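input_34.csv follows (CSV, C-alpha atoms and all ligand atoms):
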chain,number,residue,atom,x,y,z
A,402,MET,CA,-12.4,10.4,29.7
A,403,SER,CA,-11.7,8.5,26.5
A,404,ASN,CA,-13.8,5.4,25.8
A,405,VAL,CA,-11.3,4.0,23.4
A,406,SER,CA,-8.9,1.2,24.3
A,407,SER,CA,-5.2,2.0,25.0
A,408,LYS,CA,-4.4,-0.6,22.2
A,409,SER,CA,-6.4,1.3,19.6
A,410,SER,CA,-4.5,4.5,20.4
A,411,ARG,CA,-1.1,2.8,19.9
A,412,PHE,CA,-1.4,2.7,16.1
A,413,THR,CA,-2.7,5.0,13.4
A,414,GLU,CA,-5.0,4.3,10.5
A,415,SER,CA,-3.2,2.6,7.6
A,416,VAL,CA,-1.0,5.1,5.8
A,417,ILE,CA,-1.4,3.1,2.6
A,418,ARG,CA,-5.1,3.1,2.6
A,419,GLY,CA,-5.0,6.8,3.6
A,420,MET,CA,-2.9,7.6,0.5
A,421,THR,CA,-5.6,5.8,-1.6
A,422,ARG,CA,-8.2,8.2,-0.3
A,423,LEU,CA,-6.0,11.2,-1.0
A,424,CYS,CA,-5.4,9.8,-4.5
A,425,GLU,CA,-9.2,9.6,-5.1
A,426,GLN,CA,-9.6,13.2,-3.9
A,427,HIS,CA,-7.0,14.4,-6.5
A,428,GLY,CA,-8.0,12.1,-9.3
A,429,GLY,CA,-4.5,10.6,-9.3
A,430,ILE,CA,-3.1,7.3,-10.4
A,431,ASN,CA,-2.9,5.0,-7.5
A,432,LEU,CA,0.6,3.5,-7.2
A,433,ALA,CA,0.1,3.5,-3.4
A,434,GLN,CA,-2.0,0.5,-2.6
A,435,GLY,CA,-1.1,-3.0,-3.9
A,436,PHE,CA,-4.1,-4.0,-5.8
A,437,PRO,CA,-4.3,-4.7,-9.6
A,438,ASP,CA,-6.4,-2.4,-11.8
A,439,PHE,CA,-6.8,-5.3,-14.4
A,440,PRO,CA,-9.4,-8.0,-14.3
A,441,ALA,CA,-9.2,-11.2,-12.4
A,442,PRO,CA,-9.0,-14.4,-14.5
A,443,ALA,CA,-12.3,-15.1,-16.3
A,444,GLU,CA,-12.5,-18.7,-15.2
A,445,LEU,CA,-12.2,-17.7,-11.6
A,446,LYS,CA,-15.0,-15.2,-11.9
A,447,GLU,CA,-17.1,-17.9,-13.6
A,448,ALA,CA,-16.4,-20.4,-10.8
A,449,ALA,CA,-17.4,-17.8,-8.2
A,450,LYS,CA,-20.7,-17.0,-10.0
A,451,ARG,CA,-21.4,-20.7,-10.4
A,452,ALA,CA,-20.9,-21.4,-6.7
A,453,ILE,CA,-23.4,-18.6,-5.8
A,454,ASP,CA,-25.9,-20.0,-8.3
A,455,ASP,CA,-25.4,-23.5,-6.9
A,456,ASP,CA,-26.2,-22.0,-3.5
A,457,PHE,CA,-23.0,-22.4,-1.6
A,458,ASN,CA,-24.1,-19.3,0.3
A,459,GLN,CA,-24.2,-20.4,3.9
A,460,TYR,CA,-21.3,-20.8,6.4
A,461,ALA,CA,-18.6,-23.2,5.2
A,462,VAL,CA,-16.7,-25.5,7.6
A,463,THR,CA,-14.9,-23.0,9.8
A,464,TRP,CA,-11.4,-24.0,8.7
A,465,GLY,CA,-12.3,-24.1,5.0
A,466,ILE,CA,-14.0,-26.5,2.6
A,467,ARG,CA,-12.2,-29.8,2.3
A,468,GLU,CA,-11.7,-29.4,-1.5
A,469,LEU,CA,-9.9,-26.2,-1.0
A,470,ARG,CA,-7.8,-27.5,1.9
A,471,GLN,CA,-6.8,-30.5,-0.3
A,472,ALA,CA,-5.9,-28.2,-3.2
A,473,ILE,CA,-3.8,-26.1,-0.8
A,474,ALA,CA,-2.0,-29.2,0.6
A,475,ALA,CA,-1.3,-30.4,-2.9
A,476,LYS,CA,0.2,-27.0,-3.9
A,477,MET,CA,2.2,-26.9,-0.7
A,478,GLY,CA,3.8,-30.2,-1.5
A,479,ARG,CA,4.3,-29.4,-5.2
A,480,TYR,CA,5.4,-25.8,-5.1
A,481,ASN,CA,6.7,-25.2,-1.6
A,482,GLY,CA,8.2,-28.6,-0.8
A,483,VAL,CA,6.1,-28.8,2.4
A,484,ALA,CA,4.0,-31.9,2.7
A,485,CYS,CA,1.0,-31.3,4.9
A,486,ASP,CA,-2.3,-32.9,5.9
A,487,PRO,CA,-5.3,-31.0,4.8
A,488,GLU,CA,-7.4,-32.3,7.7
A,489,THR,CA,-5.1,-31.2,10.5
A,490,GLU,CA,-2.6,-28.7,9.2
A,491,VAL,CA,-4.5,-26.3,6.9
A,492,THR,CA,-6.7,-23.4,7.9
A,493,VAL,CA,-8.5,-21.2,5.3
A,494,THR,CA,-8.7,-17.6,6.5
A,495,CYS,CA,-10.1,-14.2,5.4
A,496,GLY,CA,-6.9,-13.0,3.8
A,497,SER,CA,-3.3,-13.3,4.9
A,498,THR,CA,-4.2,-10.3,7.1
A,499,GLU,CA,-6.4,-12.5,9.2
A,500,ALA,CA,-4.0,-15.5,9.0
A,501,MET,CA,-1.2,-13.4,10.5
A,502,ILE,CA,-3.2,-12.0,13.4
A,503,ALA,CA,-4.8,-15.4,14.1
A,504,ALA,CA,-1.3,-17.0,14.1
A,505,LEU,CA,0.0,-14.4,16.5
A,506,LEU,CA,-3.0,-14.6,18.8
A,507,ALA,CA,-2.6,-18.4,18.7
A,508,VAL,CA,1.1,-18.4,19.9
A,509,VAL,CA,1.8,-15.1,21.8
A,510,ASN,CA,1.8,-14.9,25.6
A,511,PRO,CA,2.3,-11.8,27.7
A,512,GLY,CA,6.0,-10.8,27.6
A,513,ASP,CA,6.7,-12.7,24.4
A,514,GLU,CA,8.8,-10.9,21.7
A,515,ILE,CA,8.5,-11.2,18.0
A,516,VAL,CA,11.3,-10.3,15.6
A,517,ILE,CA,10.3,-8.2,12.6
A,518,PHE,CA,12.6,-7.3,9.7
A,519,GLU,CA,12.2,-3.6,8.7
A,520,PRO,CA,11.2,-2.0,6.5
A,521,PHE,CA,8.1,-4.1,7.1
A,522,TYR,CA,4.6,-4.5,5.7
A,523,GLU,CA,2.7,-2.0,7.8
A,524,ASN,CA,0.1,-4.5,9.3
A,525,TYR,CA,2.8,-6.2,11.4
A,526,GLY,CA,3.1,-3.2,13.8
A,527,PRO,CA,-0.6,-3.2,14.8
A,528,ASP,CA,-0.6,-7.0,14.7
A,529,ALA,CA,2.0,-6.9,17.5
A,530,VAL,CA,0.0,-4.5,19.5
A,531,ILE,CA,-3.3,-6.4,19.1
A,532,SER,CA,-1.7,-9.8,20.0
A,533,GLY,CA,0.3,-8.3,22.9
A,534,ALA,CA,3.7,-9.2,21.4
A,535,MET,CA,6.8,-7.0,22.0
A,536,PRO,CA,8.2,-6.3,18.5
A,537,VAL,CA,12.0,-6.3,18.1
A,538,TYR,CA,13.3,-5.0,14.8
A,539,VAL,CA,16.1,-6.1,12.6
A,540,THR,CA,17.0,-3.8,9.8
A,541,LEU,CA,17.3,-4.9,6.2
A,542,GLN,CA,20.2,-2.9,4.7
A,543,PRO,CA,20.1,-1.2,1.4
A,544,PRO,CA,21.2,-1.5,-1.4
A,545,ASN,CA,19.8,-5.1,-1.6
A,546,PHE,CA,17.9,-5.2,1.7
A,547,GLY,CA,19.7,-8.3,3.1
A,548,PHE,CA,20.2,-8.6,6.9
A,549,ASP,CA,23.2,-9.0,9.1
A,550,PRO,CA,23.1,-12.5,10.7
A,551,ALA,CA,24.8,-11.1,13.8
A,552,ALA,CA,22.1,-8.5,14.2
A,553,LEU,CA,19.4,-11.1,13.9
A,554,ARG,CA,21.0,-13.3,16.5
A,555,ALA,CA,21.5,-10.3,18.8
A,556,ALA,CA,17.7,-9.5,18.5
A,557,CYS,CA,16.8,-12.9,19.8
A,558,SER,CA,16.6,-14.2,23.3
A,559,ARG,CA,14.7,-16.8,25.3
A,560,SER,CA,11.7,-14.3,25.2
A,561,THR,CA,11.5,-14.6,21.4
A,562,LYS,CA,8.3,-16.4,20.4
A,563,ALA,CA,8.6,-16.0,16.6
A,564,ILE,CA,10.5,-14.5,13.8
A,565,ILE,CA,8.2,-13.0,11.0
A,566,VAL,CA,9.7,-13.6,7.6
A,567,ASN,CA,8.1,-12.0,4.5
A,568,THR,CA,9.5,-13.2,1.3
A,569,PRO,CA,9.3,-12.0,-1.5
A,570,HIS,CA,9.4,-8.8,0.6
A,571,ASN,CA,7.1,-5.9,0.7
A,572,PRO,CA,8.2,-3.0,0.4
A,573,SER,CA,11.8,-3.7,-0.7
A,574,GLY,CA,11.3,-6.4,-3.3
A,575,HIS,CA,14.0,-8.5,-1.8
A,576,VAL,CA,13.6,-12.3,-2.2
A,577,PHE,CA,15.3,-14.0,0.7
A,578,LEU,CA,18.1,-16.4,-0.5
A,579,ARG,CA,18.2,-20.0,0.7
A,580,GLU,CA,21.4,-19.0,2.7
A,581,GLU,CA,19.5,-16.2,4.4
A,582,LEU,CA,16.7,-18.5,5.3
A,583,GLU,CA,19.2,-21.1,6.6
A,584,GLN,CA,20.6,-18.4,8.9
A,585,ILE,CA,17.1,-17.6,10.1
A,586,ALA,CA,16.4,-21.4,10.6
A,587,ALA,CA,19.6,-21.8,12.6
A,588,VAL,CA,18.5,-18.9,14.9
A,589,CYS,CA,15.0,-20.3,15.3
A,590,GLN,CA,16.5,-23.6,16.4
A,591,GLU,CA,19.1,-22.1,18.7
A,592,PHE,CA,16.5,-20.0,20.5
A,593,GLY,CA,13.7,-22.6,20.3
A,594,CYS,CA,11.3,-20.1,18.6
A,595,LEU,CA,8.8,-20.3,15.8
A,596,ALA,CA,8.9,-18.7,12.3
A,597,ILE,CA,5.7,-17.2,10.9
A,598,THR,CA,6.1,-16.6,7.1
A,599,ASP,CA,4.2,-14.3,4.8
A,600,GLU,CA,4.6,-15.7,1.3
A,601,ILE,CA,1.8,-13.9,-0.4
A,602,TYR,CA,4.0,-12.9,-3.3
A,603,GLU,CA,5.5,-16.4,-3.7
A,604,TYR,CA,4.7,-16.6,-7.4
A,605,ILE,CA,6.0,-13.1,-8.3
A,606,THR,CA,9.8,-13.3,-8.6
A,607,TYR,CA,12.1,-12.0,-11.4
A,608,ASP,CA,15.2,-12.9,-13.3
A,609,GLY,CA,14.9,-16.6,-12.3
A,610,ARG,CA,15.1,-15.9,-8.6
A,611,PRO,CA,13.5,-18.9,-6.9
A,612,HIS,CA,11.1,-18.6,-4.0
A,613,VAL,CA,12.1,-20.8,-1.1
A,614,SER,CA,9.7,-21.6,1.8
A,615,LEU,CA,11.3,-21.6,5.2
A,616,ALA,CA,9.2,-24.6,6.3
A,617,SER,CA,10.9,-26.7,3.6
A,618,LEU,CA,14.3,-26.4,5.3
A,619,PRO,CA,15.5,-29.1,7.7
A,620,GLY,CA,14.2,-28.8,11.2
A,621,MET,CA,11.7,-26.0,10.2
A,622,ARG,CA,8.5,-27.9,9.3
A,623,GLU,CA,7.5,-28.4,12.9
A,624,ARG,CA,8.3,-24.8,14.0
A,625,THR,CA,6.8,-22.8,11.1
A,626,ILE,CA,3.4,-21.3,10.4
A,627,THR,CA,3.4,-20.7,6.6
A,628,ILE,CA,0.9,-18.1,5.4
A,629,SER,CA,0.0,-17.4,1.8
A,630,GLY,CA,-3.1,-16.5,-0.1
A,631,LEU,CA,-5.0,-15.9,-3.3
A,632,SER,CA,-5.0,-12.0,-3.3
A,633,LYS,CA,-1.9,-11.4,-5.3
A,634,THR,CA,-1.4,-14.6,-7.3
A,635,TYR,CA,-4.8,-14.5,-8.8
A,636,SER,CA,-5.5,-10.7,-8.7
A,637,VAL,CA,-8.5,-11.1,-6.3
A,638,THR,CA,-7.5,-8.9,-3.3
A,639,GLY,CA,-11.2,-8.3,-2.6
A,640,TRP,CA,-12.0,-11.9,-2.2
A,641,ARG,CA,-10.3,-12.2,1.2
A,642,LEU,CA,-9.0,-15.8,0.8
A,643,ALA,CA,-5.8,-17.1,2.3
A,644,TYR,CA,-4.4,-19.9,4.5
A,645,ALA,CA,-2.1,-20.8,7.3
A,646,VAL,CA,-0.3,-24.2,7.2
A,647,ALA,CA,1.2,-25.5,10.5
A,648,PRO,CA,1.7,-28.7,12.5
A,649,PRO,CA,-1.5,-30.0,14.1
A,650,PRO,CA,-1.1,-28.5,17.6
A,651,LEU,CA,-0.4,-25.0,16.1
A,652,THR,CA,-3.2,-25.4,13.6
A,653,ALA,CA,-5.6,-26.3,16.4
A,654,ALA,CA,-4.8,-23.0,18.1
A,655,VAL,CA,-4.9,-21.0,14.9
A,656,ARG,CA,-8.3,-22.6,14.0
A,657,LYS,CA,-9.7,-21.5,17.4
A,658,MET,CA,-8.6,-17.9,16.9
A,659,HIS,CA,-9.9,-17.9,13.3
A,660,ASP,CA,-13.3,-19.4,14.4
A,661,PHE,CA,-14.0,-16.6,16.9
A,662,LEU,CA,-12.5,-13.8,14.8
A,663,THR,CA,-14.4,-14.5,11.6
A,664,VAL,CA,-16.2,-17.9,11.7
A,665,GLY,CA,-15.0,-18.6,8.2
A,666,ALA,CA,-13.9,-17.3,4.8
A,667,PRO,CA,-16.5,-16.5,2.1
A,668,HIS,CA,-18.0,-19.9,1.1
A,669,PRO,CA,-18.7,-19.5,-2.6
A,670,LEU,CA,-15.3,-17.9,-3.2
A,671,GLN,CA,-13.7,-20.9,-1.6
A,672,TRP,CA,-15.1,-23.0,-4.5
A,673,ALA,CA,-13.6,-20.5,-7.0
A,674,GLY,CA,-10.3,-20.9,-4.9
A,675,VAL,CA,-10.3,-24.6,-5.8
A,676,ARG,CA,-10.4,-23.6,-9.5
A,677,ALA,CA,-7.6,-21.1,-8.9
A,678,LEU,CA,-5.3,-23.6,-7.3
A,679,ASN,CA,-5.8,-26.0,-10.1
A,680,LEU,CA,-4.8,-23.5,-12.9
A,681,PRO,CA,-2.1,-24.9,-15.2
A,682,GLU,CA,1.7,-24.2,-14.7
A,683,ASP,CA,1.5,-21.7,-17.6
A,684,TYR,CA,-0.7,-19.4,-15.6
A,685,TYR,CA,2.1,-18.8,-13.1
A,686,ARG,CA,4.8,-18.4,-15.7
A,687,ASN,CA,2.8,-15.8,-17.6
A,688,LEU,CA,2.0,-14.0,-14.3
A,689,ALA,CA,5.7,-13.6,-13.5
A,690,ILE,CA,6.5,-12.5,-17.1
A,691,ALA,CA,3.7,-9.9,-17.1
A,692,TYR,CA,4.9,-8.5,-13.8
A,693,ALA,CA,8.5,-8.4,-15.0
A,694,GLU,CA,7.4,-6.2,-17.9
A,695,ARG,CA,5.5,-3.9,-15.5
A,696,ARG,CA,8.5,-3.7,-13.2
A,697,ASP,CA,10.8,-2.7,-16.1
A,698,LEU,CA,8.3,0.0,-17.3
A,699,LEU,CA,8.0,1.6,-13.8
A,700,SER,CA,11.8,1.2,-13.1
A,701,ASN,CA,12.7,3.1,-16.2
A,702,ALA,CA,10.1,5.8,-15.5
A,703,LEU,CA,11.5,6.3,-12.0
A,704,ARG,CA,15.1,6.4,-13.1
A,705,SER,CA,14.3,8.8,-15.9
A,706,ALA,CA,12.6,11.1,-13.3
A,707,GLY,CA,16.0,11.1,-11.5
A,708,LEU,CA,15.1,8.7,-8.7
A,709,PRO,CA,17.6,5.9,-7.9
A,710,ILE,CA,15.8,2.6,-7.1
A,711,PHE,CA,16.4,-0.9,-5.8
A,712,VAL,CA,15.3,-3.1,-8.7
A,713,PRO,CA,13.0,-5.6,-7.0
A,714,GLU,CA,13.8,-9.3,-7.2
A,715,GLY,CA,10.1,-10.2,-6.4
A,716,ALA,CA,6.7,-8.8,-5.3
A,717,TYR,CA,5.3,-5.8,-7.1
A,718,TYR,CA,6.8,-2.7,-5.4
A,719,ILE,CA,9.7,-0.4,-6.0
A,720,LEU,CA,11.5,1.6,-3.3
A,721,ALA,CA,12.8,4.9,-4.8
A,722,ASP,CA,15.4,7.0,-3.0
A,723,ILE,CA,14.0,10.6,-2.9
A,724,SER,CA,17.1,12.0,-1.1
A,725,ALA,CA,18.9,12.0,-4.6
A,726,LEU,CA,16.5,14.8,-5.6
A,727,GLY,CA,17.1,16.7,-2.4
A,728,PHE,CA,13.9,15.7,-0.7
A,729,GLY,CA,14.2,14.9,3.0
A,730,ASP,CA,10.6,14.3,3.9
A,731,ASP,CA,8.8,11.4,2.4
A,732,VAL,CA,5.4,12.4,3.6
A,733,GLU,CA,5.7,15.9,2.1
A,734,PHE,CA,7.0,14.4,-1.1
A,735,CYS,CA,4.1,12.0,-1.4
A,736,HIS,CA,1.5,14.7,-0.7
A,737,ARG,CA,3.1,17.0,-3.4
A,738,LEU,CA,3.4,14.1,-5.9
A,739,VAL,CA,-0.3,13.3,-5.7
A,740,ARG,CA,-1.3,17.0,-5.6
A,741,GLU,CA,1.0,18.4,-8.3
A,742,ALA,CA,1.8,15.4,-10.5
A,743,GLY,CA,-1.3,13.2,-9.9
A,744,VAL,CA,0.6,10.0,-8.8
A,745,ALA,CA,0.0,8.4,-5.4
A,746,ALA,CA,2.8,6.5,-3.6
A,747,VAL,CA,3.5,5.5,0.0
A,748,PRO,CA,5.9,7.4,2.3
A,749,GLY,CA,8.8,5.1,3.3
A,750,SER,CA,8.6,6.0,7.0
A,751,SER,CA,5.3,4.0,7.3
A,752,PHE,CA,7.4,0.9,6.9
A,753,TYR,CA,9.7,1.6,9.8
A,754,HIS,CA,9.1,1.7,13.6
A,755,ASP,CA,11.3,4.8,13.9
A,756,PRO,CA,10.3,6.9,10.9
A,757,GLU,CA,13.8,8.5,10.3
A,758,PRO,CA,15.5,5.8,8.2
A,759,GLY,CA,12.4,5.6,6.1
A,760,ARG,CA,12.3,9.4,5.2
A,761,ARG,CA,14.5,8.9,2.1
A,762,TRP,CA,12.3,6.1,0.6
A,763,VAL,CA,9.0,6.2,-1.3
A,764,ARG,CA,7.2,3.0,-2.4
A,765,PHE,CA,5.6,2.7,-5.8
A,766,ALA,CA,3.3,-0.3,-6.7
A,767,PHE,CA,3.3,-1.6,-10.3
A,768,CYS,CA,0.4,-4.1,-10.2
A,769,LYS,CA,-1.3,-2.0,-12.8
A,770,ARG,CA,-2.1,-2.1,-16.5
A,771,SER,CA,0.7,-1.0,-18.8
A,772,GLU,CA,-1.5,1.9,-20.0
A,773,THR,CA,-1.8,3.0,-16.3
A,774,LEU,CA,2.0,2.7,-15.8
A,775,ARG,CA,2.7,4.6,-19.1
A,776,GLU,CA,0.4,7.5,-17.9
A,777,ALA,CA,2.1,7.4,-14.5
A,778,ALA,CA,5.5,7.6,-16.4
A,779,ARG,CA,4.3,10.7,-18.3
A,780,ARG,CA,3.3,12.3,-15.0
A,781,LEU,CA,6.5,11.3,-13.2
A,782,ALA,CA,8.4,13.0,-16.0
A,783,ARG,CA,7.2,16.3,-14.4
A,784,LEU,CA,9.2,15.5,-11.3
A,785,PRO,CA,12.4,17.3,-12.3
A,786,ALA,CA,10.4,20.5,-13.0
A,787,LEU,CA,8.7,20.1,-9.6
A,788,VAL,CA,12.0,19.8,-7.9
A,789,GLU,CA,13.3,22.9,-9.8
A,790,GLY,CA,10.2,24.8,-8.6
A,791,THR,CA,10.9,23.8,-5.1
A,792,ARG,CA,14.5,25.0,-5.4
A,793,ARG,CA,13.4,28.4,-6.8
A,794,ASP,CA,10.9,28.9,-4.0
A,795,ARG,CA,13.6,28.4,-1.4
B,1,LIG,N1,1.2,-9.5,3.4
B,1,LIG,C1,1.9,-8.7,2.6
B,1,LIG,C2,3.4,-8.7,2.7
B,1,LIG,C3,1.2,-7.8,1.8
B,1,LIG,O1,1.9,-6.9,1.0
B,1,LIG,C4,-0.2,-7.8,1.8
B,1,LIG,C5,-1.0,-6.8,0.9
B,1,LIG,O2,-0.5,-5.9,0.4
B,1,LIG,C6,-0.9,-8.7,2.6
B,1,LIG,C7,-0.2,-9.5,3.4
B,1,LIG,C8,-2.4,-8.7,2.6
B,1,LIG,O3,-2.8,-9.9,2.0
B,1,LIG,P1,-4.3,-10.4,2.1
B,1,LIG,O4,-5.0,-9.7,0.9
B,1,LIG,O5,-4.2,-11.9,1.8
B,1,LIG,O6,-4.9,-10.1,3.4
As a first step, turn the structure in this file into structure tokens.
Amino acid sequence: MSNVSSKSSRFTESVIRGMTRLCEQHGGINLAQGFPDFPAPAELKEAAKRAIDDDFNQYAVTWGIRELRQAIAAKMGRYNGVACDPETEVTVTCGSTEAMIAALLAVVNPGDEIVIFEPFYENYGPDAVISGAMPVYVTLQPPNFGFDPAALRAACSRSTKAIIVNTPHNPSGHVFLREELEQIAAVCQEFGCLAITDEIYEYITYDGRPHVSLASLPGMRERTITISGLSKTYSVTGWRLAYAVAPPPLTAAVRKMHDFLTVGAPHPLQWAGVRALNLPEDYYRNLAIAYAERRDLLSNALRSAGLPIFVPEGAYYILADISALGFGDDVEFCHRLVREAGVAAVPGSSFYHDPEPGRRWVRFAFCKRSETLREAARRLARLPALVEGTRRDR
């Protein structure tokens, strides 16, 4: 007799975090997990240390300190075009990871369906299981990972509770265009369903591609839970700070879930979060410029190694097509790459509910120092020899 729940047996451990462990075993360069290997901004570290010294070390208000909620509301108005009330519409959470599960637990009833675009960030699968939602998948089609509006409409029904929209998108790097978001908005309104957005990469877009928040479109403010966070924008993935913004009745439900899941986000770091959200405009411009350079470095390395890629429009990942080198198994490829070349990446199948369409893809993260990426490039240059070796062995 097994003592573990049926829910826990319906998903596996994270493939991404598993690749990180494998990378450590082989002393590889970790281009698998999306965390920076460069320092967080000095002023944020100072603010966090000051808050601990000033003894902000006990529980904060469950839904986040007022100063941080006010800073989030100001940023939502300024950057996202979404006016919101910090008292009734903002919840500070332990990462977007918690915001997403709290949002789903807040809205999903038995029998409800949620629409997920695939490839998808791997947490959404387990999130559906934990919240009891039935996932329905809509495929983002290469080469640019847009979707077919007819397929989205066909995926929806009166059972659809929410469409999950992640833009800029992990793993593809697609940044949803305003027209695509308008198509999603029209479907939400036709079927009377919600949208839950994951905008964690909102400040990381390239070539002038604007980030558009779904909640800013007509008719969407009242039916959208907008999720974003500090992990990626301020290179503080370990701080576990994020937020959900939604109309008051939805926020009330999200806050209840958040309260009993975690009580609250780390109190001293919330003060540093206020400092983060008040950084000058230059900070965000420089962030995007630095990421564009890293993107170009890794794009060139992958192309030189013989891997065709989709050049990302946003976020900090590149999907490379391994079928061009004759590989048909993404998991085997990633295991060999870390073992034989010392570079860790993520098998594409972990971003699909049916692994098959993902077998040709491998995801590389470029949120790393340029020295790290240059060393990765040197190692990736061994790839053609590795392929040759495989051919000779056959
Ligand atoms: N959402 C997406 C699309 C991500 O790629 C990630 C991290 O890689 C997260 C959420 C997790 O964010 P957080 O650190 O705020 O939990």
* Pick out the residues no farther than 8 Å from ligand LIG 1 (chain B), counting all atoms listed in the file, and list them as a ChimeraX atom specification. => /A:434-436,495-500,521-522,524,567-572,599-602,629-633,638-643
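Atom pair atom CA of Gly429 of chain A / atom CA of Ala777 of chain A: separated by 9.0 Å.
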Contact check, segment 534-589 of chain A to segment 751-768 of chain A, at most 12 Å, counting all atoms listed in the file, closest pairs as JSON lines:
{"residue": "A:Pro536", "atom": "CA", "partner": "A:His754", "partner_atom": "CA", "distance": 9.4}
{"residue": "A:Val537", "atom": "CA", "partner": "A:His754", "partner_atom": "CA", "distance": 9.6}
{"residue": "A:Tyr538", "atom": "CA", "partner": "A:His754", "partner_atom": "CA", "distance": 8.0}
{"residue": "A:Val539", "atom": "CA", "partner": "A:Tyr753", "partner_atom": "CA", "distance": 10.4}
{"residue": "A:Thr540", "atom": "CA", "partner": "A:Tyr753", "partner_atom": "CA", "distance": 9.1}
{"residue": "A:Leu541", "atom": "CA", "partner": "A:Tyr753", "partner_atom": "CA", "distance": 10.6}
{"residue": "A:Gln542", "atom": "CA", "partner": "A:Pro758", "partner_atom": "CA", "distance": 10.5}
{"residue": "A:Pro543", "atom": "CA", "partner": "A:Trp762", "partner_atom": "CA", "distance": 10.7}
{"residue": "A:Pro544", "atom": "CA", "partner": "A:Trp762", "partner_atom": "CA", "distance": 11.9}
{"residue": "A:His570", "atom": "CA", "partner": "A:Phe752", "partner_atom": "CA", "distance": 11.7}
{"residue": "A:Asn571", "atom": "CA", "partner": "A:Phe752", "partner_atom": "CA", "distance": 9.2}
{"residue": "A:Pro572", "atom": "CA", "partner": "A:Arg764", "partner_atom": "CA", "distance": 6.7}
{"residue": "A:Ser573", "atom": "CA", "partner": "A:Arg764", "partner_atom": "CA", "distance": 8.3}
{"residue": "A:Gly574", "atom": "CA", "partner": "A:Arg764", "partner_atom": "CA", "distance": 10.3}
* **Residues near Val788 of chain A, cut-off 12 Å, all atoms listed in the file, skip fewer than 2 positions along chain, as a ChimeraX atom specification** => /A:706-708,723-728,734,737-738,741-742,781-786,790-795
* **Length of the atom CA of Tyr692 of chain A to atom CA of Asp608 of chain A vector [Å]** => 11.2 Å
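Across the model, the gap from atom CA of Leu670 of chain A to atom CA of Ala474 of chain A is 17.9 Å.
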* To do: For Gly665 of chain A, work out the shell of residues within 9 Å, counting all atoms listed in the file and skipping chain neighbours fewer than 6 positions away, then give it as number ranges by chain.
  => A: 460-465, 493-495, 659
